[in-house]
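Engineer: The following file, work-v5.cif, comprises mmCIF, C-alpha atoms:
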```cif
data_input
loop_
_atom_site.label_atom_id
_atom_site.label_comp_id
_atom_site.auth_asym_id
_atom_site.auth_seq_id
_atom_site.Cartn_x
_atom_site.Cartn_y
_atom_site.Cartn_z
CA MET A 2 -13.22 9.20 -10.31
CA THR A 3 -15.14 7.21 -7.74
CA VAL A 4 -13.93 7.01 -4.17
CA GLU A 5 -14.96 4.37 -1.66
CA GLU A 6 -13.82 4.14 1.94
CA THR A 7 -12.64 0.66 2.87
CA GLY A 8 -13.62 -0.97 6.15
CA LEU A 9 -10.64 0.87 7.67
CA LYS A 10 -11.34 4.49 8.58
CA GLY A 11 -9.49 6.95 6.34
CA CYS A 12 -8.31 4.27 3.87
CA PHE A 13 -9.83 4.75 0.41
CA VAL A 14 -10.01 2.95 -2.94
CA LEU A 15 -10.00 5.36 -5.88
CA THR A 16 -11.20 4.22 -9.30
CA PRO A 17 -10.46 6.61 -12.17
CA GLU A 18 -12.60 7.11 -15.24
CA VAL A 19 -10.58 5.53 -18.05
CA PHE A 20 -11.10 6.68 -21.62
CA GLU A 21 -10.17 4.04 -24.20
CA ASP A 22 -10.16 4.01 -27.97
CA GLU A 23 -8.12 2.54 -30.83
CA ARG A 24 -5.06 4.56 -29.71
CA GLY A 25 -5.01 3.15 -26.19
CA TYR A 26 -6.26 4.75 -22.99
CA PHE A 27 -6.11 7.96 -20.96
CA PHE A 28 -7.01 8.69 -17.35
CA GLU A 29 -6.21 11.31 -14.75
CA SER A 30 -4.13 9.48 -12.15
CA PHE A 31 -4.12 12.31 -9.60
CA ASN A 32 -5.90 15.60 -9.16
CA LYS A 33 -5.31 17.30 -5.80
CA LYS A 34 -8.60 19.22 -5.88
CA THR A 35 -10.71 16.15 -6.72
CA PHE A 36 -8.81 13.93 -4.28
CA GLU A 37 -9.34 16.33 -1.38
CA ALA A 38 -13.01 16.94 -2.22
CA GLU A 39 -13.78 13.21 -2.45
CA THR A 40 -11.74 11.97 0.54
CA GLY A 41 -11.65 14.97 2.89
CA VAL A 42 -7.88 14.43 3.09
CA VAL A 43 -5.58 17.38 2.45
CA ALA A 44 -2.84 15.92 0.27
CA ASN A 45 0.71 17.21 0.20
CA PHE A 46 2.71 14.51 -1.53
CA VAL A 47 6.48 15.20 -1.47
CA GLN A 48 8.07 11.99 -2.76
CA ASP A 49 7.24 9.41 -5.44
CA ASN A 50 8.67 5.87 -5.33
CA GLN A 51 8.57 3.03 -7.83
CA SER A 52 9.58 -0.63 -7.76
CA LYS A 53 9.72 -3.40 -10.34
CA SER A 54 9.29 -6.98 -9.17
CA SER A 55 8.92 -10.54 -10.40
CA ARG A 56 5.97 -12.82 -9.73
CA GLY A 57 6.07 -14.17 -6.17
CA VAL A 58 7.93 -11.22 -4.61
CA LEU A 59 6.40 -10.13 -1.33
CA ARG A 60 7.36 -6.67 -0.06
CA GLY A 61 6.35 -5.61 3.43
CA LEU A 62 4.84 -5.08 5.81
CA HIS A 63 6.46 -1.63 6.10
CA PHE A 64 5.78 1.71 7.77
CA GLN A 65 7.62 4.73 9.14
CA THR A 66 7.23 5.90 12.73
CA GLY A 67 7.03 9.19 14.59
CA GLU A 68 7.44 12.48 12.78
CA TYR A 69 8.39 10.59 9.60
CA ALA A 70 5.17 8.56 9.38
CA GLN A 71 3.84 8.53 5.82
CA ALA A 72 0.48 8.48 4.12
CA LYS A 73 0.65 6.90 0.67
CA LEU A 74 -1.30 6.87 -2.57
CA ILE A 75 -0.42 3.59 -4.28
CA GLN A 76 -1.02 2.12 -7.73
CA VAL A 77 0.19 -0.50 -10.17
CA ILE A 78 1.59 0.93 -13.40
CA LYS A 79 2.12 -2.47 -15.04
CA GLY A 80 1.15 -5.94 -13.86
CA LYS A 81 -0.82 -7.10 -10.84
CA VAL A 82 -0.45 -7.30 -7.04
CA LEU A 83 -2.39 -8.34 -3.99
CA ASP A 84 -2.09 -5.22 -1.86
CA VAL A 85 -2.48 -5.29 1.94
CA CYS A 86 -2.70 -2.47 4.46
CA ILE A 87 -3.08 -2.83 8.24
CA ASP A 88 -4.43 -0.25 10.67
CA PHE A 89 -1.83 0.29 13.41
CA ARG A 90 -3.49 3.35 14.96
CA LYS A 91 -4.06 2.27 18.57
CA SER A 92 -7.02 4.63 19.01
CA SER A 93 -8.78 3.26 15.91
CA PRO A 94 -11.74 0.86 16.20
CA THR A 95 -10.11 -1.17 13.39
CA PHE A 96 -6.68 -1.38 15.06
CA GLY A 97 -4.93 -4.59 13.97
CA LYS A 98 -7.38 -5.21 11.11
CA TYR A 99 -6.31 -5.39 7.48
CA PHE A 100 -7.72 -4.62 4.06
CA SER A 101 -6.61 -6.34 0.87
CA ILE A 102 -7.33 -5.68 -2.78
CA ILE A 103 -6.07 -6.76 -6.19
CA LEU A 104 -4.49 -3.80 -7.99
CA ASP A 105 -3.57 -4.03 -11.67
CA ASP A 106 -2.93 -2.14 -14.87
CA ILE A 107 -6.40 -2.89 -16.22
CA ASP A 108 -8.78 -0.96 -13.95
CA HIS A 109 -6.04 1.36 -12.57
CA LYS A 110 -7.48 1.48 -9.05
CA GLN A 111 -5.44 3.26 -6.40
CA VAL A 112 -5.46 3.01 -2.62
CA TYR A 113 -4.91 5.89 -0.22
CA ILE A 114 -3.27 4.59 2.96
CA PRO A 115 -3.24 7.05 5.88
CA LYS A 116 -0.43 7.52 8.38
CA GLY A 117 -0.40 4.86 11.06
CA PHE A 118 -0.82 1.94 8.65
CA ALA A 119 1.57 -0.82 7.65
CA HIS A 120 1.65 -1.77 3.99
CA GLY A 121 2.82 -4.64 1.82
CA PHE A 122 2.09 -6.36 -1.45
CA LEU A 123 2.48 -9.71 -3.18
CA VAL A 124 3.39 -9.54 -6.88
CA LEU A 125 1.14 -11.71 -9.06
CA GLU A 126 2.70 -11.07 -12.51
CA ASN A 127 6.28 -10.81 -13.75
CA ASP A 128 7.73 -7.35 -14.38
CA THR A 129 5.12 -5.61 -12.23
CA ILE A 130 5.76 -1.91 -11.70
CA PHE A 131 4.38 -0.51 -8.44
CA SER A 132 4.26 3.22 -7.72
CA TYR A 133 3.39 5.31 -4.69
CA LYS A 134 3.25 8.90 -3.60
CA CYS A 135 4.25 9.75 -0.01
CA ASP A 136 3.33 12.78 2.06
CA ASN A 137 6.59 12.69 4.01
CA PHE A 138 10.20 12.04 3.15
CA TYR A 139 11.80 8.66 3.80
CA ASN A 140 13.93 8.48 6.95
CA LYS A 141 16.00 5.33 7.48
CA GLU A 142 15.98 5.62 11.30
CA SER A 143 12.17 5.72 11.29
CA GLU A 144 11.56 2.66 9.12
CA SER A 145 9.86 -0.29 10.74
CA GLY A 146 7.75 -3.26 9.86
CA ILE A 147 5.88 -6.38 10.89
CA LEU A 148 6.38 -9.93 9.63
CA TYR A 149 4.24 -10.63 6.56
CA ASN A 150 3.28 -14.05 8.00
CA ASP A 151 2.53 -12.92 11.56
CA LYS A 152 0.21 -15.48 13.15
CA ASP A 153 -1.81 -12.88 15.08
CA LEU A 154 -2.53 -10.72 12.02
CA ASN A 155 -3.34 -13.90 10.05
CA ILE A 156 -3.22 -12.22 6.63
CA ASP A 157 -4.58 -14.32 3.78
CA TRP A 158 -2.04 -13.74 1.00
CA GLY A 159 -3.88 -16.26 -1.17
CA PHE A 160 -0.81 -18.30 -2.12
CA SER A 161 1.41 -20.88 -0.45
CA LEU A 162 3.98 -19.30 1.88
CA SER A 163 6.73 -21.46 0.39
CA ASN A 164 6.36 -19.72 -2.97
CA TYR A 165 7.19 -16.19 -1.81
CA ILE A 166 10.39 -14.32 -2.56
CA VAL A 167 11.04 -12.22 0.55
CA SER A 168 14.11 -10.10 1.35
CA GLU A 169 16.27 -11.14 4.30
CA LYS A 170 15.47 -7.77 5.88
CA ASP A 171 11.71 -8.44 5.69
CA LYS A 172 12.16 -11.94 7.15
CA GLN A 173 13.69 -10.32 10.27
CA LEU A 174 10.84 -7.89 11.01
CA SER A 175 9.03 -7.90 14.36
CA SER A 176 5.95 -9.87 15.21
CA PHE A 177 2.77 -7.94 15.90
CA LYS A 178 3.01 -8.85 19.63
CA ASP A 179 6.60 -7.55 19.80
CA PHE A 180 5.52 -4.37 18.03
CA LEU A 181 2.77 -3.86 20.64
CA ASN A 182 5.21 -4.45 23.51
CA GLU A 183 7.62 -1.86 22.08
CA GLN A 184 4.94 0.85 22.06
#
```
Here is a file; write its structure as structure tokens.
Structural biologist:
Amino acid sequence: MTVEETGLKGCFVLTPEVFEDERGYFFESFNKKTFEAETGVVANFVQDNQSKSSRGVLRGLHFQTGEYAQAKLIQVIKGKVLDVCIDFRKSSPTFGKYFSIILDDIDHKQVYIPKGFAHGFLVLENDTIFSYKCDNFYNKESESGILYNDKDLNIDWGFSLSNYIVSEKDKQLSSFKDFLNEQ
């Protein structure tokens, strides 16, 4: 496995070594010892989540606050997404900056997103299955988010905004400025 830190401190892209032959492929998708040695992050994942989505679905930008904040290790099991994470740690030199990457079922890259980040993804292929490990349990009262099309964050999703399928809940999320004023 190779590990590269993104331009956002503590956020990593992990690329596994994939072994392929006439039978298919095999790779180790997670190894606590290797993960901790390569990232310096002590992992204690307690919950796995999975979603299936159609092309054009945009999920996010989500995060949990306070004692229920979550770090995540994300991957695509089947299909392809444009994945986006935003640094919301006020003390970070990259506060308000985002990182994006295409994740798919071909190279099997994963992204480790630390606590204090918002996260979302745009589905690029039908029947995409997205999976993530969390280091804290979900708590409904702690869930929060920022509008995917916030003008101050200015995220380049790479596709026309009129083509997205977004939940009503995600359309009602706060702007980045409102989020800052609430803090």
Engineer: With distances taken over only C-alpha atoms, which of A:Ala119, A:Ile107, A:Cys135, A:Val124 is nearest to Tyr26 (chain A)?
Structural biologist: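 Residue with the minimum atom-to-atom distance to Tyr26 (chain A): A:Ile107.
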Engineer: Please provide as a short mmCIF file (atom, residue, chain, number, x, y, z; two decimals) with C-alpha atoms, in the frame of the given file all residues within 12 Å of Asp108 (chain A), with the sequence filter that same-chain residues fewer than 5 positions apart are discarded (counting only C-alpha atoms).
Structural biologist:
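Output saved as result-v1.cif:
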```
data_model
loop_
_atom_site.label_atom_id
_atom_site.label_comp_id
_atom_site.auth_asym_id
_atom_site.auth_seq_id
_atom_site.Cartn_x
_atom_site.Cartn_y
_atom_site.Cartn_z
CA MET A 2 -13.22 9.20 -10.31
CA VAL A 14 -10.01 2.95 -2.94
CA LEU A 15 -10.00 5.36 -5.88
CA THR A 16 -11.20 4.22 -9.30
CA PRO A 17 -10.46 6.61 -12.17
CA GLU A 18 -12.60 7.11 -15.24
CA VAL A 19 -10.58 5.53 -18.05
CA PHE A 20 -11.10 6.68 -21.62
CA GLU A 21 -10.17 4.04 -24.20
CA TYR A 26 -6.26 4.75 -22.99
CA PHE A 27 -6.11 7.96 -20.96
CA PHE A 28 -7.01 8.69 -17.35
CA SER A 30 -4.13 9.48 -12.15
CA GLN A 76 -1.02 2.12 -7.73
CA VAL A 77 0.19 -0.50 -10.17
CA ILE A 78 1.59 0.93 -13.40
CA LYS A 79 2.12 -2.47 -15.04
CA GLY A 80 1.15 -5.94 -13.86
CA LYS A 81 -0.82 -7.10 -10.84
CA ILE A 103 -6.07 -6.76 -6.19
#
```
Engineer: Nearest to Val112 (chain A) among A:Gly25, A:Gln51, A:Thr40, A:Glu183, with distances taken over all atoms listed in the file: which residue is it?
Structural biologist: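 Using all atoms listed in the file, the shortest distance to Val112 (chain A) belongs to A:Thr40.
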Engineer: For Glu68 (chain A), list every protein, DNA or RNA residue within 12 Å, evaluated using only C-alpha atoms, and leave out those in the same chain fewer than 5 positions away; present the list as a PyMOL selection string.
Structural biologist: chain A and resi 116-117+136-140+142-144
Engineer: Selection in question (the file shown): the PyMOL selection byres ((chain A and resi 175) around 9). Which residues does it include, as a VMD selection string?
Structural biologist: chain A and resid 145 to 148 151 172 to 174 176 to 180
Engineer: What residues have an atom no more than 10 Å from (-10.1, -4.3, -3.7) in the file's own frame, counting all atoms listed in the file, and can you write them as number ranges by chain?
Structural biologist: A: 7, 13-15, 83-85, 100-104, 110-112
Engineer: Take the PyMOL selection byres ((chain A and resi 155-166) around 6), run it mentally on this structure, and tell me the resulting residues as a VMD selection string.
Structural biologist: chain A and resid 57 to 59 152 to 154 167
Engineer: Using all atoms listed in the file, which of A:Glu126, A:Phe118, A:Tyr113, A:Thr66 sits nearest Phe96 (chain A)?
Structural biologist: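 Counting all atoms listed in the file, the residue closest to Phe96 (chain A) is A:Phe118.
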Engineer: Just give me the gap between CA of Arg60 (chain A) and CA of Ser168 (chain A) in Å, one decimal is fine.
Structural biologist: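 Rounded to one decimal, the two atoms are 7.7 Å apart.
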Engineer: With all atoms listed in the file as the basis for distance, which of A:Asn32, A:Lys134, A:Ala70, A:Glu23 is at the shortest distance from Phe46 (chain A)?
Structural biologist: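 So, comparing all the options, the nearest one is A:Lys134.
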